[in-house]
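Undergrad: Quick one: the structure is below, questions incoming.
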Amino acid sequence: MGLLTRQIRTGIVFSFVLAFIVITAIALYSDVPRVLGALASFRWQYLPLILGLTLFNYFCRFFKWQYYLKRLDVKISWIKSLLIFLSGLSMAITPGKVGELLKSYFLKRITGEPISRTSPVIMAERLSDGLAMLLLASTGLVLYRFGWEVLLVLLVVGLTGIMVIQNRRLSLAILSFGERLPVLARIAHLMRTFYESSYTLLQWRPLLLAVSIGFISWSGECAALYFVFTGLGIAAGPDLFIKATFILSVASLIGSASGLPGGLGTADGSMLGLTRLLVTTSATLGGAATLLIRL
C-alpha cells in the first residue's frame, strides 16, 4: 500500500501541473480576454441546473456501485459505502485512474474482503460506463459520421474482453496456463479470485443493467454540457442536445482511452475540436464551453 500511496501522491502532483498547462493552453488558444468576456456574459442562472445534472450522474453511479457490491455479497453500510465511493471520485485525476484502487483498499480495511475480490468492481464500473458512452455517442454517429473508426475499435475491444471472461472454459484454461509460469505462479490465487468476481459482475444480465444505469447517468452529464452551450448564448434546440451528447461522450471516451489523469489534454482537446466542428466556429466559445464543463 505504501508504493500505491507514493504513486497516487506523485500522480496528483503531476495531474495538477498538467491541468494548469491544459487550462492555460486552452485559454491562450481561445484568446484570454475574449474568453473572460464570454464567461462574464454567461447566464449563471444555469449553474445550479448544470451542477444538479452532474450530481445526478454521480448519484446514479453510486447506485451502480452499490449494486455491484450486492452482487459480490459485500456487507457494508450505505454511509461508509458512500464515503468510499466519493474517495474514489477524488482520485479520478490520477494517471489511468489508478487512485480509484483506494476504494478496494478501504473496503478491505472495513469489511476484510481481499482487494483481488473487490477490485473487479472498479473495472466493471469503467467498462459499463464506456459501453454506455458508446451508446450515447452512436446517436451522433448516425448524423455526423465522425470518429466511428475509433469508437468501433473501443467497442470491439470491450466486447472481446467481456466474451473471454464469460467463457469460463477458455478463461480457466488461460488461468491454468498462467499458474505454470514462474512469474505468475505466486499470484495465481489472486488471479482466480479476481476472475471469479469479474465473471459474476460481467454476466449479461447485470452488465445490461449496469450499462443502462450508465446510459441514464451520463445523459445527465451530456445535458449539463447542453446547458453550458445555451448559457453561452448558443441557440437551444434538439439538434444542439444531440451534438452536446455526441461531443461529451466521444471526448470522455478518448480521454479514458488515453490513460492520462482525468483525460487531461485529450478529452479537453477533443471537446474543443468537436465543439468548433459541430456547434460553433468560434474558438472563444469553444474554449469557454470546454473550460466550464471540465472545471
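Chain labels follow the order of the C-alpha cells: the first chain is A, the next B, and so on; residue numbering restarts at 1 in every chain, and ligands are counted from 1 in their shown order.
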Would you mind listing what lies within 12 Å of stretch 237-243 of chain A as a count of residues only, with only C-alpha atoms counted and same-chain residues fewer than 6 positions away left out?

TA: 33

Undergrad: Could you give me, as a PyMOL selection string, the residues within 6 Å of A:Cys60, counting only C-alpha atoms and dropping anything in the same chain fewer than 3 positions from it?

TA: chain A and resi 57+63+217

Undergrad: Which residues in stretch 168-264 of chain A does DSSP call alpha helix (DSSP H)? List them as a VMD selection string.

TA: chain A and resid 168 to 179 182 to 185 188 to 201 204 to 231 238 to 258

Undergrad: Each residue of stretch 2-120 of chain A with at least one atom at most 8 Å from stretch 191-197 of chain A should appear once, together with its nearest atom pair and the corresponding distance in Å (one decimal); atoms considered: only C-alpha atoms; ordering: chain, then increasing residue number; output as JSON lines.

TA:
{"residue": "A:Leu72", "atom": "CA", "partner": "A:Ser197", "partner_atom": "CA", "distance": 6.9}
{"residue": "A:Ser116", "atom": "CA", "partner": "A:Phe194", "partner_atom": "CA", "distance": 5.0}
{"residue": "A:Arg117", "atom": "CA", "partner": "A:Phe194", "partner_atom": "CA", "distance": 5.3}
{"residue": "A:Thr118", "atom": "CA", "partner": "A:Ser197", "partner_atom": "CA", "distance": 7.3}
{"residue": "A:Ser119", "atom": "CA", "partner": "A:Phe194", "partner_atom": "CA", "distance": 7.4}
{"residue": "A:Pro120", "atom": "CA", "partner": "A:Ser197", "partner_atom": "CA", "distance": 6.2}

Undergrad: For the selection you just gave me, I'd like the residues written to a file as a tab-separated table (two decimals), in the first residue's frame, keeping all heavy atoms.

TA:
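Written output follows (selection.tsv):
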chain	number	residue	atom	x	y	z
A	72	LEU	N	-21.60	-9.07	-5.26
A	72	LEU	CA	-20.48	-9.80	-4.68
A	72	LEU	C	-20.71	-10.16	-3.21
A	72	LEU	O	-19.83	-10.73	-2.56
A	72	LEU	CB	-19.18	-8.99	-4.80
A	72	LEU	CG	-18.67	-8.74	-6.22
A	72	LEU	CD1	-17.37	-7.92	-6.18
A	72	LEU	CD2	-18.44	-10.05	-6.96
A	116	SER	N	-8.25	-8.32	-4.30
A	116	SER	CA	-8.43	-9.06	-5.55
A	116	SER	C	-9.88	-9.42	-5.81
A	116	SER	O	-10.27	-9.65	-6.96
A	116	SER	CB	-7.57	-10.33	-5.53
A	116	SER	OG	-7.94	-11.16	-4.43
A	117	ARG	N	-10.71	-9.45	-4.74
A	117	ARG	CA	-12.13	-9.78	-4.91
A	117	ARG	C	-12.97	-8.55	-5.23
A	117	ARG	O	-13.98	-8.66	-5.94
A	117	ARG	CB	-12.66	-10.45	-3.64
A	117	ARG	CG	-14.12	-10.91	-3.77
A	117	ARG	CD	-14.51	-11.84	-2.65
A	117	ARG	NE	-15.85	-12.37	-2.87
A	117	ARG	CZ	-16.95	-11.87	-2.32
A	117	ARG	NH1	-16.87	-10.82	-1.51
A	117	ARG	NH2	-18.13	-12.40	-2.57
A	118	THR	N	-12.59	-7.38	-4.71
A	118	THR	CA	-13.41	-6.18	-4.91
A	118	THR	C	-12.92	-5.27	-6.03
A	118	THR	O	-13.68	-4.47	-6.55
A	118	THR	CB	-13.48	-5.36	-3.61
A	118	THR	OG1	-12.15	-5.02	-3.19
A	118	THR	CG2	-14.15	-6.15	-2.50
A	119	SER	N	-11.65	-5.38	-6.43
A	119	SER	CA	-11.14	-4.52	-7.49
A	119	SER	C	-11.85	-4.72	-8.83
A	119	SER	O	-11.93	-3.77	-9.62
A	119	SER	CB	-9.62	-4.70	-7.66
A	119	SER	OG	-9.29	-6.05	-7.90
A	120	PRO	N	-12.40	-5.93	-9.13
A	120	PRO	CA	-13.17	-6.04	-10.37
A	120	PRO	C	-14.38	-5.11	-10.42
A	120	PRO	O	-14.88	-4.81	-11.51
A	120	PRO	CB	-13.62	-7.52	-10.37
A	120	PRO	CG	-12.54	-8.22	-9.63
A	120	PRO	CD	-12.16	-7.27	-8.54

Undergrad: Nearest to A:Asp31: which of A:Leu295, A:Leu175, A:Asp268, A:Ala283 is it, counting only C-alpha atoms?

TA: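 For A:Asp31, the nearest of the candidates is A:Ala283.
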
Undergrad: A:Ile79: which residues within 12 Å, counting only C-alpha atoms, same-chain residues fewer than 4 positions away excluded, as a list in words?

TA: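 Here the answer would be Phe62, Gln66, Leu83, Ile84, Phe85 and Leu86 of chain A.
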
Undergrad: Pick the closest to A:Tyr67 from A:Ser282, A:Arg294, A:Ser252, A:Glu125: which is it, counting only C-alpha atoms?

TA: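 Ranking A:Ser282, A:Arg294, A:Ser252, A:Glu125 by distance to A:Tyr67, first place goes to A:Glu125.
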
Undergrad: For A:Ile216, which residue among A:Lys64, A:Ala289, A:Arg169, A:Phe16 is the nearest when counting only C-alpha atoms?

TA: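 Of the candidates, the smallest distance to A:Ile216 is held by A:Lys64.
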
Undergrad: Sorted by chain and rising residue number, which residues of stretch 158-191 of chain A lie within 10 Å of stretch 204-208 of chain A, and what are their closest atom pairs and distances in Å to one decimal, counting only C-alpha atoms, as a tab-separated table?

TA:
residue	atom	partner	partner_atom	distance
A:Ile162	CA	A:Trp204	CA	9.1
A:Met163	CA	A:Trp204	CA	9.8
A:Gln166	CA	A:Trp204	CA	8.6

Undergrad: Could you dump the residues just selected with N, CA and C atoms as a compact mmCIF listing (two decimals), in the first residue's frame?

TA:
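Okay, this is what ended up in part_2.txt:
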# COMPACT_ATOMS: atom_id res chain seq x y z
N ILE A 162 -15.20 -8.95 -22.54
CA ILE A 162 -16.37 -9.49 -21.85
C ILE A 162 -16.62 -10.93 -22.25
N MET A 163 -16.53 -11.22 -23.54
CA MET A 163 -16.80 -12.57 -24.03
C MET A 163 -15.76 -13.56 -23.52
N GLN A 166 -16.66 -14.26 -19.89
CA GLN A 166 -17.87 -15.07 -19.77
C GLN A 166 -17.68 -16.50 -20.24

Undergrad: Which residue, A:Leu202, A:Ala188, A:Ala257, A:Leu248, has the smallest gap to A:Gly161 when you use only C-alpha atoms?

TA: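 Ranking A:Leu202, A:Ala188, A:Ala257, A:Leu248 by distance to A:Gly161, first place goes to A:Leu202.
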
Undergrad: Skipping near chain neighbours, those fewer than 4 positions away, what residues fall within 10 Å of A:Gly269 using only C-alpha atoms, listed as number ranges by chain?

TA: A: 22, 25-26, 251, 254-255, 263-265, 273-275, 287, 290
